[in-house]
>>> print(open('upload.pdb').read())   # PDB, N, CA and C atoms, pLDDT in the B column
ATOM      1  N   MET S   1      27.511  15.400  39.403  1.00 61.00           N
ATOM      2  CA  MET S   1      26.157  15.520  38.914  1.00 61.00           C
ATOM      3  C   MET S   1      26.183  16.159  37.525  1.00 61.00           C
ATOM      4  N   ASN S   2      25.293  15.720  36.685  1.00 61.00           N
ATOM      5  CA  ASN S   2      25.231  16.229  35.309  1.00 61.00           C
ATOM      6  C   ASN S   2      24.415  17.516  35.271  1.00 61.00           C
ATOM      7  N   GLU S   3      25.114  18.637  35.109  1.00 69.00           N
ATOM      8  CA  GLU S   3      24.444  19.935  35.058  1.00 69.00           C
ATOM      9  C   GLU S   3      24.182  20.381  33.624  1.00 69.00           C
ATOM     10  N   ASN S   4      24.563  19.584  32.641  1.00 68.00           N
ATOM     11  CA  ASN S   4      24.456  19.972  31.236  1.00 68.00           C
ATOM     12  C   ASN S   4      23.221  19.330  30.613  1.00 68.00           C
ATOM     13  N   ARG S   5      22.077  19.515  31.216  1.00 66.00           N
ATOM     14  CA  ARG S   5      20.832  18.938  30.715  1.00 66.00           C
ATOM     15  C   ARG S   5      20.038  20.003  29.992  1.00 66.00           C
ATOM     16  N   SER S   6      19.263  19.548  28.986  1.00 65.00           N
ATOM     17  CA  SER S   6      18.455  20.489  28.221  1.00 65.00           C
ATOM     18  C   SER S   6      17.102  19.852  27.939  1.00 65.00           C
ATOM     19  N   LEU S   7      16.061  20.609  28.162  1.00 59.00           N
ATOM     20  CA  LEU S   7      14.715  20.114  27.897  1.00 59.00           C
ATOM     21  C   LEU S   7      14.465  19.976  26.394  1.00 59.00           C
ATOM     22  N   PHE S   8      15.094  20.841  25.590  1.00 58.00           N
ATOM     23  CA  PHE S   8      14.875  20.835  24.155  1.00 58.00           C
ATOM     24  C   PHE S   8      16.016  20.166  23.396  1.00 58.00           C
ATOM     25  N   GLY S   9      16.722  19.258  24.006  1.00 64.00           N
ATOM     26  CA  GLY S   9      17.754  18.492  23.319  1.00 64.00           C
ATOM     27  C   GLY S   9      17.110  17.440  22.430  1.00 64.00           C
ATOM     28  N   LEU S  10      17.934  16.742  21.649  1.00 69.00           N
ATOM     29  CA  LEU S  10      17.389  15.732  20.738  1.00 69.00           C
ATOM     30  C   LEU S  10      16.785  14.550  21.476  1.00 69.00           C
ATOM     31  N   ASN S  11      17.087  14.377  22.715  1.00 74.00           N
ATOM     32  CA  ASN S  11      16.475  13.295  23.476  1.00 74.00           C
ATOM     33  C   ASN S  11      15.308  13.802  24.318  1.00 74.00           C
ATOM     34  N   GLY S  12      14.848  15.012  24.073  1.00 76.00           N
ATOM     35  CA  GLY S  12      13.733  15.575  24.828  1.00 76.00           C
ATOM     36  C   GLY S  12      12.531  15.810  23.922  1.00 76.00           C
ATOM     37  N   ILE S  13      11.918  16.958  24.093  1.00 83.00           N
ATOM     38  CA  ILE S  13      10.718  17.292  23.321  1.00 83.00           C
ATOM     39  C   ILE S  13      11.030  17.406  21.838  1.00 83.00           C
ATOM     40  N   THR S  14      12.171  17.993  21.497  1.00 82.00           N
ATOM     41  CA  THR S  14      12.532  18.161  20.088  1.00 82.00           C
ATOM     42  C   THR S  14      12.714  16.808  19.409  1.00 82.00           C
ATOM     43  N   GLY S  15      13.372  15.890  20.063  1.00 83.00           N
ATOM     44  CA  GLY S  15      13.555  14.554  19.498  1.00 83.00           C
ATOM     45  C   GLY S  15      12.238  13.828  19.303  1.00 83.00           C
ATOM     46  N   MET S  16      11.332  13.986  20.260  1.00 88.00           N
ATOM     47  CA  MET S  16      10.013  13.369  20.133  1.00 88.00           C
ATOM     48  C   MET S  16       9.257  13.964  18.942  1.00 88.00           C
ATOM     49  N   LEU S  17       9.337  15.292  18.774  1.00 90.00           N
ATOM     50  CA  LEU S  17       8.646  15.937  17.652  1.00 90.00           C
ATOM     51  C   LEU S  17       9.262  15.554  16.312  1.00 90.00           C
ATOM     52  N   ILE S  18      10.576  15.426  16.261  1.00 90.00           N
ATOM     53  CA  ILE S  18      11.234  15.001  15.023  1.00 90.00           C
ATOM     54  C   ILE S  18      10.834  13.573  14.677  1.00 90.00           C
ATOM     55  N   ALA S  19      10.834  12.686  15.653  1.00 90.00           N
ATOM     56  CA  ALA S  19      10.457  11.287  15.405  1.00 90.00           C
ATOM     57  C   ALA S  19       8.993  11.187  14.988  1.00 90.00           C
ATOM     58  N   THR S  20       8.111  11.936  15.632  1.00 95.00           N
ATOM     59  CA  THR S  20       6.691  11.899  15.284  1.00 95.00           C
ATOM     60  C   THR S  20       6.465  12.440  13.880  1.00 95.00           C
ATOM     61  N   THR S  21       7.128  13.549  13.540  1.00 96.00           N
ATOM     62  CA  THR S  21       6.998  14.118  12.204  1.00 96.00           C
ATOM     63  C   THR S  21       7.532  13.162  11.147  1.00 96.00           C
ATOM     64  N   LEU S  22       8.643  12.530  11.425  1.00 95.00           N
ATOM     65  CA  LEU S  22       9.218  11.571  10.487  1.00 95.00           C
ATOM     66  C   LEU S  22       8.286  10.384  10.276  1.00 95.00           C
ATOM     67  N   LEU S  23       7.742   9.841  11.347  1.00 97.00           N
ATOM     68  CA  LEU S  23       6.838   8.699  11.217  1.00 97.00           C
ATOM     69  C   LEU S  23       5.550   9.070  10.483  1.00 97.00           C
ATOM     70  N   LEU S  24       5.017  10.251  10.756  1.00 98.00           N
ATOM     71  CA  LEU S  24       3.799  10.674  10.053  1.00 98.00           C
ATOM     72  C   LEU S  24       4.059  10.952   8.584  1.00 98.00           C
ATOM     73  N   SER S  25       5.234  11.470   8.260  1.00 98.00           N
ATOM     74  CA  SER S  25       5.540  11.699   6.851  1.00 98.00           C
ATOM     75  C   SER S  25       5.739  10.380   6.105  1.00 98.00           C
ATOM     76  N   ILE S  26       6.357   9.396   6.748  1.00 98.00           N
ATOM     77  CA  ILE S  26       6.483   8.069   6.132  1.00 98.00           C
ATOM     78  C   ILE S  26       5.102   7.450   5.930  1.00 98.00           C
ATOM     79  N   LEU S  27       4.230   7.591   6.910  1.00 98.00           N
ATOM     80  CA  LEU S  27       2.867   7.075   6.789  1.00 98.00           C
ATOM     81  C   LEU S  27       2.121   7.741   5.644  1.00 98.00           C
ATOM     82  N   ALA S  28       2.258   9.059   5.510  1.00 98.00           N
ATOM     83  CA  ALA S  28       1.587   9.783   4.422  1.00 98.00           C
ATOM     84  C   ALA S  28       2.137   9.349   3.070  1.00 98.00           C
ATOM     85  N   TYR S  29       3.441   9.163   2.960  1.00 98.00           N
ATOM     86  CA  TYR S  29       4.053   8.735   1.705  1.00 98.00           C
ATOM     87  C   TYR S  29       3.569   7.344   1.304  1.00 98.00           C
ATOM     88  N   LEU S  30       3.556   6.411   2.236  1.00 98.00           N
ATOM     89  CA  LEU S  30       3.110   5.050   1.921  1.00 98.00           C
ATOM     90  C   LEU S  30       1.614   5.007   1.614  1.00 98.00           C
ATOM     91  N   THR S  31       0.820   5.827   2.290  1.00 98.00           N
ATOM     92  CA  THR S  31      -0.616   5.880   2.017  1.00 98.00           C
ATOM     93  C   THR S  31      -0.880   6.422   0.625  1.00 98.00           C
ATOM     94  N   MET S  32      -0.177   7.476   0.241  1.00 98.00           N
ATOM     95  CA  MET S  32      -0.365   8.028  -1.100  1.00 98.00           C
ATOM     96  C   MET S  32       0.096   7.041  -2.174  1.00 98.00           C
ATOM     97  N   GLY S  33       1.165   6.317  -1.897  1.00 97.00           N
ATOM     98  CA  GLY S  33       1.616   5.288  -2.838  1.00 97.00           C
ATOM     99  C   GLY S  33       0.597   4.176  -2.991  1.00 97.00           C
ATOM    100  N   ALA S  34       0.008   3.742  -1.884  1.00 96.00           N
ATOM    101  CA  ALA S  34      -1.005   2.680  -1.935  1.00 96.00           C
ATOM    102  C   ALA S  34      -2.250   3.156  -2.672  1.00 96.00           C
ATOM    103  N   LEU S  35      -2.639   4.404  -2.449  1.00 95.00           N
ATOM    104  CA  LEU S  35      -3.814   4.930  -3.150  1.00 95.00           C
ATOM    105  C   LEU S  35      -3.564   5.066  -4.645  1.00 95.00           C
ATOM    106  N   SER S  36      -2.359   5.446  -5.035  1.00 93.00           N
ATOM    107  CA  SER S  36      -2.079   5.565  -6.463  1.00 93.00           C
ATOM    108  C   SER S  36      -2.044   4.192  -7.139  1.00 93.00           C
ATOM    109  N   VAL S  37      -1.517   3.182  -6.457  1.00 91.00           N
ATOM    110  CA  VAL S  37      -1.519   1.822  -7.016  1.00 91.00           C
ATOM    111  C   VAL S  37      -2.944   1.300  -7.128  1.00 91.00           C
ATOM    112  N   GLN S  38      -3.754   1.556  -6.104  1.00 91.00           N
ATOM    113  CA  GLN S  38      -5.142   1.107  -6.141  1.00 91.00           C
ATOM    114  C   GLN S  38      -5.912   1.805  -7.254  1.00 91.00           C
ATOM    115  N   HIS S  39      -5.670   3.082  -7.449  1.00 89.00           N
ATOM    116  CA  HIS S  39      -6.360   3.827  -8.505  1.00 89.00           C
ATOM    117  C   HIS S  39      -5.936   3.337  -9.888  1.00 89.00           C
ATOM    118  N   ALA S  40      -4.666   3.005 -10.045  1.00 84.00           N
ATOM    119  CA  ALA S  40      -4.182   2.522 -11.338  1.00 84.00           C
ATOM    120  C   ALA S  40      -4.773   1.160 -11.681  1.00 84.00           C
ATOM    121  N   ASN S  41      -4.980   0.319 -10.682  1.00 81.00           N
ATOM    122  CA  ASN S  41      -5.490  -1.023 -10.948  1.00 81.00           C
ATOM    123  C   ASN S  41      -6.999  -1.118 -10.868  1.00 81.00           C
ATOM    124  N   ALA S  42      -7.671  -0.087 -10.398  1.00 83.00           N
ATOM    125  CA  ALA S  42      -9.131  -0.132 -10.311  1.00 83.00           C
ATOM    126  C   ALA S  42      -9.765  -0.058 -11.699  1.00 83.00           C
ATOM    127  N   GLU S  43      -9.045   0.492 -12.660  1.00 78.00           N
ATOM    128  CA  GLU S  43      -9.582   0.614 -14.020  1.00 78.00           C
ATOM    129  C   GLU S  43      -8.996  -0.424 -14.955  1.00 78.00           C
ATOM    130  N   ASN S  44      -8.323  -1.424 -14.426  1.00 74.00           N
ATOM    131  CA  ASN S  44      -7.713  -2.467 -15.235  1.00 74.00           C
ATOM    132  C   ASN S  44      -8.601  -3.702 -15.177  1.00 74.00           C
ATOM    133  N   TYR S  45      -9.577  -3.768 -16.073  1.00 74.00           N
ATOM    134  CA  TYR S  45     -10.554  -4.851 -16.053  1.00 74.00           C
ATOM    135  C   TYR S  45     -10.045  -6.052 -16.841  1.00 74.00           C
ATOM    136  N   TYR S  46     -10.547  -7.209 -16.481  1.00 71.00           N
ATOM    137  CA  TYR S  46     -10.222  -8.437 -17.182  1.00 71.00           C
ATOM    138  C   TYR S  46     -11.506  -9.017 -17.766  1.00 71.00           C
ATOM    139  N   GLN S  47     -11.335  -9.734 -18.853  1.00 71.00           N
ATOM    140  CA  GLN S  47     -12.466 -10.378 -19.503  1.00 71.00           C
ATOM    141  C   GLN S  47     -12.105 -11.833 -19.757  1.00 71.00           C
ATOM    142  N   ILE S  48     -13.019 -12.714 -19.445  1.00 69.00           N
ATOM    143  CA  ILE S  48     -12.803 -14.140 -19.681  1.00 69.00           C
ATOM    144  C   ILE S  48     -13.132 -14.415 -21.142  1.00 69.00           C
ATOM    145  N   GLU S  49     -12.227 -15.106 -21.822  1.00 71.00           N
ATOM    146  CA  GLU S  49     -12.413 -15.331 -23.256  1.00 71.00           C
ATOM    147  C   GLU S  49     -13.597 -16.251 -23.550  1.00 71.00           C
ATOM    148  N   ASN S  50     -13.722 -17.343 -22.816  1.00 69.00           N
ATOM    149  CA  ASN S  50     -14.759 -18.318 -23.120  1.00 69.00           C
ATOM    150  C   ASN S  50     -15.510 -18.643 -21.829  1.00 69.00           C
ATOM    151  N   GLU S  51     -16.424 -17.769 -21.424  1.00 68.00           N
ATOM    152  CA  GLU S  51     -17.103 -17.962 -20.138  1.00 68.00           C
ATOM    153  C   GLU S  51     -18.136 -19.085 -20.159  1.00 68.00           C
ATOM    154  N   LYS S  52     -18.517 -19.555 -21.316  1.00 68.00           N
ATOM    155  CA  LYS S  52     -19.492 -20.656 -21.393  1.00 68.00           C
ATOM    156  C   LYS S  52     -18.872 -21.999 -21.009  1.00 68.00           C
ATOM    157  N   SER S  53     -17.556 -22.094 -21.056  1.00 64.00           N
ATOM    158  CA  SER S  53     -16.906 -23.369 -20.742  1.00 64.00           C
ATOM    159  C   SER S  53     -16.594 -23.532 -19.261  1.00 64.00           C
ATOM    160  N   ILE S  54     -16.927 -22.574 -18.438  1.00 60.00           N
ATOM    161  CA  ILE S  54     -16.652 -22.673 -17.004  1.00 60.00           C
ATOM    162  C   ILE S  54     -17.721 -23.535 -16.343  1.00 60.00           C
ATOM    163  N   LYS S  55     -17.262 -24.522 -15.576  1.00 62.00           N
ATOM    164  CA  LYS S  55     -18.175 -25.389 -14.840  1.00 62.00           C
ATOM    165  C   LYS S  55     -18.026 -25.091 -13.352  1.00 62.00           C
ATOM    166  N   MET S  56     -19.042 -25.412 -12.588  1.00 65.00           N
ATOM    167  CA  MET S  56     -19.021 -25.059 -11.177  1.00 65.00           C
ATOM    168  C   MET S  56     -17.913 -25.799 -10.428  1.00 65.00           C
ATOM    169  N   PHE S  57     -17.807 -27.100 -10.602  1.00 67.00           N
ATOM    170  CA  PHE S  57     -16.802 -27.898  -9.905  1.00 67.00           C
ATOM    171  C   PHE S  57     -15.948 -28.594 -10.949  1.00 67.00           C
ATOM    172  N   SER S  58     -14.870 -27.944 -11.337  1.00 63.00           N
ATOM    173  CA  SER S  58     -14.000 -28.525 -12.341  1.00 63.00           C
ATOM    174  C   SER S  58     -12.589 -28.014 -12.150  1.00 63.00           C
ATOM    175  N   VAL S  59     -11.634 -28.918 -12.324  1.00 65.00           N
ATOM    176  CA  VAL S  59     -10.239 -28.495 -12.255  1.00 65.00           C
ATOM    177  C   VAL S  59      -9.801 -27.832 -13.558  1.00 65.00           C
ATOM    178  N   ASP S  60     -10.591 -27.936 -14.586  1.00 64.00           N
ATOM    179  CA  ASP S  60     -10.256 -27.316 -15.870  1.00 64.00           C
ATOM    180  C   ASP S  60     -10.451 -25.798 -15.850  1.00 64.00           C
ATOM    181  N   ASN S  61     -11.083 -25.276 -14.809  1.00 54.00           N
ATOM    182  CA  ASN S  61     -11.274 -23.824 -14.720  1.00 54.00           C
ATOM    183  C   ASN S  61      -9.954 -23.087 -14.581  1.00 54.00           C
ATOM    184  N   ALA S  62      -8.926 -23.770 -14.101  1.00 60.00           N
ATOM    185  CA  ALA S  62      -7.622 -23.127 -13.956  1.00 60.00           C
ATOM    186  C   ALA S  62      -6.986 -22.847 -15.307  1.00 60.00           C
ATOM    187  N   LYS S  63      -7.467 -23.505 -16.361  1.00 62.00           N
ATOM    188  CA  LYS S  63      -6.901 -23.317 -17.693  1.00 62.00           C
ATOM    189  C   LYS S  63      -7.542 -22.150 -18.446  1.00 62.00           C
ATOM    190  N   GLN S  64      -8.514 -21.481 -17.837  1.00 61.00           N
ATOM    191  CA  GLN S  64      -9.166 -20.353 -18.493  1.00 61.00           C
ATOM    192  C   GLN S  64      -8.161 -19.224 -18.668  1.00 61.00           C
ATOM    193  N   SER S  65      -8.305 -18.482 -19.728  1.00 59.00           N
ATOM    194  CA  SER S  65      -7.396 -17.368 -19.955  1.00 59.00           C
ATOM    195  C   SER S  65      -8.139 -16.055 -19.753  1.00 59.00           C
ATOM    196  N   PHE S  66      -7.461 -15.138 -19.104  1.00 57.00           N
ATOM    197  CA  PHE S  66      -7.991 -13.816 -18.856  1.00 57.00           C
ATOM    198  C   PHE S  66      -7.189 -12.818 -19.679  1.00 57.00           C
ATOM    199  N   VAL S  67      -7.870 -11.918 -20.339  1.00 55.00           N
ATOM    200  CA  VAL S  67      -7.188 -10.905 -21.148  1.00 55.00           C
ATOM    201  C   VAL S  67      -7.556  -9.531 -20.623  1.00 55.00           C
ATOM    202  N   ASP S  68      -6.624  -8.599 -20.767  1.00 55.00           N
ATOM    203  CA  ASP S  68      -6.907  -7.215 -20.398  1.00 55.00           C
ATOM    204  C   ASP S  68      -7.884  -6.626 -21.395  1.00 55.00           C
ATOM    205  N   VAL S  69      -8.828  -5.858 -20.905  1.00 58.00           N
ATOM    206  CA  VAL S  69      -9.802  -5.220 -21.777  1.00 58.00           C
ATOM    207  C   VAL S  69      -9.157  -4.046 -22.505  1.00 58.00           C
ATOM    208  N   LYS S  70      -8.247  -3.378 -21.859  1.00 60.00           N
ATOM    209  CA  LYS S  70      -7.601  -2.207 -22.468  1.00 60.00           C
ATOM    210  C   LYS S  70      -6.775  -2.556 -23.666  1.00 60.00           C
TER     211      LYS S  70
END
>>> encode(input="upload.pdb", output="structure tokens")
Amino acid sequence: MNENRSLFGLNGITGMLIATTLLLSILAYLTMGALSVQHANAENYYQIENEKSIKMFSVDNAKQSFVDVK
């Protein structure tokens, strides 16, 4: 019989807490990265050079050029 068991071994409560902390820290890191990318691109506006030439149903709309306002 295995008498060398521990409740606080890495496969017990301690391992569960380490895995949970690791997963939550990865989630926080990825969330902060996504928020910083969203914030950087939220102020990056585009302007259509010639908006009078856009027609409702036309394949020529794909040829429009967009320029950064900044």
>>> atom_distance(input="upload.pdb", atom1="CA of Leu30 in chain S", atom2="CA of Tyr45 in chain S")
24.7 Å
>>> atom_distance(input="upload.pdb", atom1="atom N of Leu24 in chain S", atom2="atom N of Asn11 in chain S")
17.5 Å
>>> atom_distance(input="upload.pdb", atom1="CA of Met16 in chain S", atom2="atom C of Met32 in chain S")
25.2 Å
